[in-house]
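Report on one structure; see the data block that follows.
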Amino acid sequence: MSNDIIIFNLIANPDGRIDGWRQNGNGFDCNRDMATQSQPEVQAILEMVTEWKPLVLIDNHGYVSPILIEPCGKPHNPNYEEDIYQKWALEVAETMEDKLKEENWLEHGEDAVIPIRDEYANGGWDDYPAIFIPQLSQFYALTTHTIEVGPRTYKGVLGHYISNKTALIFAADNKTEMFNDQVEVFKRGTNFGGPNGGEFPYAYVIPVEKPLQKNPQQVAETIEYLLKAGVQIETATQDFAANGKDFPKGTYIIPMNQPLAGLANNLLWKGEDIEEAYPEVIASGEGMYDIAAWNFPELWGFDREIVEDEFDVKTSTVTNARFPSGQVDNEKSSVYALACDGNEAIKAVNSLLAKGIKVYQTETAENDVAAGTFFIEADNKSVNTLKDLARKYGLYFTASSAVPENSKELKKVRIAALTAYTGSKLSTNSSGTSKLYNIGPMAFVLRDLGFDVDVLWPGDLSEGLDSYDIIVGLENITSKTAGITADGWNNLKNFFDNGGKYVGYGRGGADFANSLDILKITYKRQSSNYNAIVNVDYDQSNAITGSYEQSGTGFVYGPLYFSAYGDDTKVLVNYGKDVFFAGYWLSKDRTEFSGKAAVVKNDTAVLFGLDPIFRAHIKDSFRMVANSIFNLTSKK
């Protein structure tokens, strides 16, 4: 093996290693963040995989007894070159299994669990979502394996050692043949697709500026991500036409005849209907191991055109993403308007509030000004702050004559992100998994948007909530929740009796609102096995959802709708008439959601049937949560 390179990433999660739990310090399961790339640990892994493109990648886990060795069962991600991958991955897995038997690690006639070969062949342990470290890495590496060992002893460590060493020796012994097939994977990408050819579109076309592009900042962030991942991107050096539409010079073009076409398609496609594409998975009753829809355009909130037919345009290769420059219109004005059309607007507003600069938000749409538009009162000093924010976030501050009368003044808020789980961050469930991940992503997103957020545990409620303006959470909490004292429960009730506010989502959020009489609600929820991108309709007459186009998309994980509520409750978002967009949600269970309430509010709370955060991936919904916080805590 003198001519081979072996790279070890000994601690993929330093925070968890120190604290003895699965999540990192932000409360994220890093092995669910590989597509989103929100966490630095995962960003480092992608950088390493992109640079080295290994023949074999192994991610060591616990705890499946006695040992589980991928490759996975169905459904397979159609963006992988599955035939080449399975050809080698299964052979490597069975070679590891044979060595474990030879070393008597597998005893009494035991076999390893190899999902594609064994009980998970038609569902239950699939490689469909490219959110896991081995699965996104599959676009670079020839074979990738998660290896899960059962024993939490030295034997478990030895199982990893034997299997890992065997796989590396196998790669060294077969590297020429394996390398040739790895090259074939990349070569197929240059022919527009996978094993049968022609499976991918001709190109993805992404406009850069308004009015063709609703979110230029998110486009720049996506292009930056794709470049880091090694995807080839072009920019038009002339105006052109595609799909019967005209696009200007400077438009991004992602050609699908490139080595990483599968990765590009995986992130930019619409997704598919698992029920339709994989009936054998549905028939098995096993369902999906994790999510089935995760794309960027619909969930990150930008426009892209899927172009099937070849078109003619001169291009140049992109090496850096172009971020919007932003500007302040008429620096002599005393009032400026800022559209609430992206997360950067929320960051800017929180920065202004932190500096004591007055910011207002329109409650309704009026005189061509969208509901939810921000207005800032400015003097010479604060105009300089606006100029800095315009440059930093690519925002446009437009001079205005006055703050509209239909506006409410915003305030800098203190947020309590409340979790039902007891103890400290080391609190675990029976499987040893820390529970901070239930609130961690929400706290992370809100902090990134510039909010002041503390994570509170049940025991913290005894200290009071006087310093907070609003509680956010997704878990049901009652007087019987472990760790809440009588004083803690009284403090929680007093918080709402004295004008405190709440934002929650899912079943836990609805139950919390019901248990404290914040917003009395009846809801219907389906299995958390169901997860999907869904079509929704936004009410454009209010500050929370007024910045969205009337028809859009959202995300559900365990779909929930609100079926009954009081007269003081307003519906902000409805599920679309044709509710399903992509993912895993059986058609027989979708229809009852058609047109039902997906987000509701009263003067005290906003409740989401959608999941607006979900592991920090649903970026297009972040400002809806932020606007909920602003709207509930603002004043006339």
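Identifiers in the structure tokens: chain A, B, ... in order shown; residue index from 1 per chain; ligand index from 1 in order shown.
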Hey, what's within 12 Å of Tyr225 (chain A) if we count only C-alpha atoms and toss same-chain stuff fewer than 4 positions away? As a count of residues only, please?
-> 24
Of the listed residues A:Glu377, A:Glu51, A:Glu308, A:Asp567, that which approaches Lys228 (chain A) most closely, counting only C-alpha atoms =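 Closest residue, counting only C-alpha atoms: A:Glu51.
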Do a neighbour search on Pro75 (chain A) at 12 Å with only C-alpha atoms, toss out local chain neighbours closer than 4 positions, and write the hits as a PyMOL selection string.
-> chain A and resi 71+79-80+82+115-116+120-129+272-282+284+286-292+583-584
Which of region 278-411 of chain A fall in strand (DSSP E), as a list in words |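 Selecting the strand (DSSP E) positions of region 278-411 of chain A gives Glu305, Ile306, Val307, Thr315, Ser316, Thr317, Gln327, Val328, Val335, Tyr336, Ala337, Leu338, Val359, Tyr360, Gln361, Thr362, Phe374, Phe375, Ile376, Glu377, Tyr396, Phe397, Thr398, Ala399, Ser400, Ser407, Lys408 and Glu409 of chain A.
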Nearest to Asp181 (chain A) by atom-to-atom distance, counting only C-alpha atoms, from A:Lys355, A:Tyr140, A:Ser407, A:Thr398 =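 The closest residue to Asp181 (chain A) is A:Tyr140.
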Near Thr190 (chain A), within 9 Å and counting only C-alpha atoms, which residues show up once chain neighbours fewer than 6 positions away are dropped, as a PyMOL selection string?
-> chain A and resi 256-261
What gap, in Å, lies between CA of Thr485 (chain A) and CA of Ile471 (chain A)?
->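 Here the two named atoms are 18.2 Å from each other.
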Got a sec: who's within 7 Å of Pro216 (chain A), counting only C-alpha atoms, leaving out chain neighbours fewer than 6 positions off, as a PDB file with N, CA and C atoms, in the first residue's frame?
```pdb
ATOM      1  N   VAL A 208     -30.224  36.221 -12.206  1.00  0.00           N
ATOM      2  CA  VAL A 208     -29.452  36.833 -11.125  1.00  0.00           C
ATOM      3  C   VAL A 208     -30.198  37.978 -10.463  1.00  0.00           C
ATOM      4  N   GLU A 209     -30.920  38.775 -11.245  1.00  0.00           N
ATOM      5  CA  GLU A 209     -31.495  40.009 -10.715  1.00  0.00           C
ATOM      6  C   GLU A 209     -33.007  40.039 -10.891  1.00  0.00           C
ATOM      7  N   PRO A 324     -25.268  40.560  -4.521  1.00  0.00           N
ATOM      8  CA  PRO A 324     -25.864  41.878  -4.784  1.00  0.00           C
ATOM      9  C   PRO A 324     -25.096  42.974  -4.060  1.00  0.00           C
TER      10      PRO A 324
END
```
Within 10 Å of Lys520 (chain A), counting only C-alpha atoms, which residues show up once you throw out same-chain ones fewer than 2 positions away? Write them as a count of residues only, please.
-> 15
Near Tyr505 (chain A), counting only C-alpha atoms, which residues have an atom at most 8 Å away, once you skip same-chain residues fewer than 2 positions from it, shown as a ChimeraX atom specification?
-> /A:473-474,503,507-510,607-612
Resulting file, chosen residues, C-alpha atoms, as a compact mmCIF listing (two decimals), in the first residue's frame:
```
# COMPACT_ATOMS: atom_id res chain seq x y z
CA GLY A 473 -40.72 25.99 20.76
CA LEU A 474 -42.09 22.86 19.20
CA VAL A 503 -44.42 30.92 18.23
CA ARG A 507 -48.04 18.84 17.20
CA GLY A 508 -45.95 19.99 20.17
CA GLY A 509 -46.55 23.64 19.38
CA ALA A 510 -50.31 23.13 19.07
CA LEU A 607 -48.77 28.26 15.11
CA PHE A 608 -47.25 26.45 12.13
CA GLY A 609 -48.56 23.18 10.72
CA LEU A 610 -45.65 23.45 8.30
CA ASP A 611 -42.11 22.93 9.54
CA PRO A 612 -40.52 26.34 8.84
```
